[in-house]
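Trainee: Mind looking over this structure? Questions follow.
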Amino acid sequence: MSIENTMIENSDITIDGEIFESDLSSMDQILPGQLFIIPIRYRPIFPGIVTPLIISQGKYSGVIDKVIKESRTLGLVLISDDNKEEVSPEDLFRHGTAVKILKKINLPDGGANVLINSVKRFRIKDVVSDDPYLLAEVEYLEDIVRDRRGIEMKALTREVLSQIKRLSDNNPLFTEEMKLTMLNVDEPGKIADFVTSILNLERDEYQDVLETIDVRQRLHKVLRLLNKEMEVMAVQKKIQSQINDKIDKQQKEYFLREQLKAIKQELGVEDDERIREVRDMRKKFKELNLKGEVLEKVEEEIEKLMLMDQASSEYAVTRNYLEIVLSLPWNRKTVDAIDIEKAEKILNRDHYGLEDVKRRIQEFLAVKKLKPEGRGSIICLVGPPGVGKTSLGKSVAKAMNRKFFRVSLGGMRDDAEIKGHRRTYIGAMPGKIIQGIKICKSRNPVFMLDEIDKLGQSFQGDPASALLEVLDPEQNVEFRDYYLDVPFDLSDVLFITTANTTDTIPQVLGDRMEVIRLPGYIDTEKYHIARKYLLPKQLVQHGLHRDAMKIDKDGFLYIIHGWAREAGVRNLERQIERLCRKTAALTAKRGRTIKKTLTKDLIREYLGTELYTDDELVKVRRPGVVIGLAWTPMGGETLIIESVAVPNKKEAGLKLTGHLGDVMSESANIAYSYVRRLLSGNDTARSLFDENQIHLHVPSGATPKDGPSAGITMALSLYSMATGITVRQQLAMTGELTLIGRVLPVGGIKEKVTASKRAGLRHIIIPKENGKNLGEIPAHVKSGLKFHMVETMEEVLEIALPRKPLGGKTR
């Protein structure tokens with residue numbers, strides 16, 4: 001309902017040339033005892049007001065037509081709950097306002113715009129009918145005025161007028177027509193009604209004033225409402241004043257800055273901060289000698305910065321962007337000083353062993369020296385933890401005289417870490433690649449992407465997919481970071497990645513890299529590393545003299561065998577660190593340097609009980625126990641396979657334990673079937689299989705195991721158990737077994753041979769097709785080992801069993 005309130009007196013109203021009698025006394029005489037009621041929402045209408053009323057199409061529009069033909073009088077009553085769609089008589093207040101219809105205008109949607117004149121309060125006595133229209137019997141209410149000319153009434157009226165005048169002077173929503181109306185009304189009750197109608201109140205506050213018949217009480221209520229409105233207006237004015245003060249301060253500062261700028265220009269004084277920043281950026285911009293899209297983008301951003309206000313947030317974003325772009329080494333790179341002999345010395349100085357890896361790196365450097373503009377391949381160093389993958393990257397950077405930067409990719413789940421965030425985001429920044437280039441201040445650093453096999457993936461994106469562009473020499477010529485949004489040439493960057501395994505690297509990413517495997521160290525290599533690198537390093541870090549602690553070869557080997565049998569040397573360094581701490585504590589307590597050679601007894605006292613002992617790896621002394629070889633991301637490992645026969649004819653068959661995967665379980669079943677067929681001509685063995693449950697177990701049951709390479713090991717274990725023949729001592733093996741007894745090649749030969757050497761074994765059975773892999777293994781690792789290359793399981797039995805086996809074709 002749209003309302004424009006106008007207070008009327010006893011006079012005639014002319015609308016569109018028609019004259020309507022508005023004498024209230026005459027209206028009172030013709031008001032009917034029964035009124036058709038129209039519910040209204042949000043606020044009631046007070047007597048003495050002319051206002052338009054919008055009636056929507058429906059049953060109430062029919063009421064209007066009916067009333068116009070009769071008394072032209074309606075009753076308007078406020079709904080108690082504005083949210084109700086269907087209104088019943090119980091949903092209405094009992095007090096309302098009787099109105100005269102002055103004019104009706106039909107609307108295009110079927111509704112009507114009715115001009116009404118509210119004339120008098122009423123109270124609903126009874127509902128006569130509510131179908132089809134709500135008809136009620138009403139009682140008209142007269143204002144109760146006590147002592148109209150009394151001092152209190154005059155004081156109340158004047159206070160109301162005074163308050164509303166102050167309110168209107170500070171509120172632009174009060175029109176001149178409203179102010180004139182207040183001056184022309186002299187009835188206290190009408191003044192109270194009019195003032196209430198123009199205030200912004202709650203619905204119940206409006207209704208309370210409408211239901212108040214006593215004029216003095218009504219004026220008191222209106223005064224309370226006016227005081228409340230004045231308090232709200234005071235708070236509003238305070239807030240507005242604060243906002244205006246802030247705006248005025250900003251405008252004042254702006255004008256003062258502009259005046260100061262003009263004064264400085266006249267006096268020839270240096271420019272303001274923004275001009276200096278832009279001038280410095282233009283200077284850097286010219287020095288960089290940019291071209292193409294980058295040139296256009298930077299020029300555009302600098303021009304944009306000139307037109308921005310320093311106080312705006314966009315100014316800071318644009319300035320930060322330009323600072324990052326202009327700080328990048330677009331045309332600056334270090335000069336490669338590739339000396340193959342020097343590189344060899346650096347690699348030998350920093351790393352012991354790893355001859356294959358060093359040779360491959362020297363070949364790579366030689367190609368770079370002969371053809372500097374060649375793009376070459378991406379190197380991926382794969383090996384167990386602690387074998388020196390990261391330090392190899394640093395040595396390459398030293399050998400090439402390049403800057404080195406390392407990024408750990410482990411657990412990275414957002415591709416924005418690689419390619420940056422778009423500038424539309426708050427706190428946006430470039431990705432790790434551009435950040436590394438910026439830190440190195442060179443466009444051709446050695447960039448190490450560590451732990452590439454541990455990249456994550458989430459709803460935020462796939463970092464492995466983002467790396468495809470980075471590691472592809474055909475694409476990284478124009479690498480486009482999301483933040484920069486301009487191409488940057490990464491073709492001169494030497495990328496080296498590291499991983500513990502290639503299994504978790506996506507194939508499309510692995511195709512872009514050349515894999516160089518680091519198999520791990522044997523005991524002799526660990527001894528030399530500890531003596532040449534680890535012990536001197538820890539003595540310096542603990543503030544000890546180089547002679548403060550000495551360990552002979554037997555001592556180092558004792559530490560390696562008892563506490564550090566892993567493929568890498570991190571745990572070995574940790575044990576040496578513990579020994580240095582003990583020596584440092586003793587030195588600090590006595591106040592002088594103590595020269596001490598650590599014996600085995602002292603080492604055990606300092607380190608505690610050994611973590612590893614000479615167990616069954618080299619002491620296979622019963623049938624059914626065989627040593628196998630396995631590959632893990634941590635390097636090669638030896639594992640024991642055990643088989644026993646358990647009397648249980650009802651559940652005769654094969655039982656597997658040891659946390660075996662599906663592939664390994666299938667290999668065990670193949671081995672079981674092969675051995676049963678092979679020994680089918682031996683009555684004792686056949687009876688053993690028919691009347692017993694064969695239990696095959698791989699110890700370390702908490703460790704998951706899988707793969708086909710233990711096929712011949714499990715078959716030999718079952719055969720040894722069935723025939724009662726103990727397998728040869730210090731023998732290990734690996735190979736996949738087929739159902740007809742063929743031995744197929746397996747992977748990880750280099751790591752498995754290293755594990756055999758580390759465990760002190762002497763004989764190794766491998767598939768004949770894996771013989772070509774022995775050329776990759778250093779001679780010092782193979783020394784002391786005898787390799788037996790086989791094609792069939794029968795050859796394995798001939799080699800592994802000390803006396804001629806029984807059954808089948810081998811009898």
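Identifiers for the structure tokens are assigned positionally: chains receive A, B, ... in sequence, residues are indexed from 1 per chain, and ligands are indexed from 1 in the order shown.
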Tell me, as a PyMOL selection string, which residues lie within 8 Å of region 213-228 of chain A, counting only C-alpha atoms; anything in the same chain fewer than 4 positions away does not count.
Mentor: chain A and resi 141-146+153+156-157+159-160+163-164+188-189+192+195-196+209+232
Trainee: Would you mind listing what lies within 7 Å of Met513 (chain A) as JSON, numbers by chain, with only C-alpha atoms counted and same-chain residues fewer than 6 positions away left out?
Mentor: {"A": [377, 378, 379, 380]}
Trainee: Just how far from CA of Val790 (chain A) is CA of Gly775 (chain A), in Å to one decimal?
Mentor: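 For CA of Gly775 (chain A) relative to CA of Val790 (chain A), the distance reads 17.2 Å.
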Trainee: Can you work out which one of A:Thr424, A:Gln729, A:Thr723, A:Ser56 has the shortest atom-to-atom distance to Ile799 (chain A), counting only C-alpha atoms?
Mentor: A:Gln729
Trainee: To one decimal in Å, tell me the separation between CA of Met448 (chain A) and CA of Gly383 (chain A).
Mentor: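 Between these atoms lies a distance of 15.2 Å.
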Trainee: Identify, on the basis of only C-alpha atoms, every residue whose closest approach to Ile55 (chain A) does not exceed 10 Å; exclude the query and any residue fewer than 6 positions from it along the same chain; express the result as an MDAnalysis selection string.
Mentor: chainID A and resid 1 38 40 61:62 64 106:107 110:114
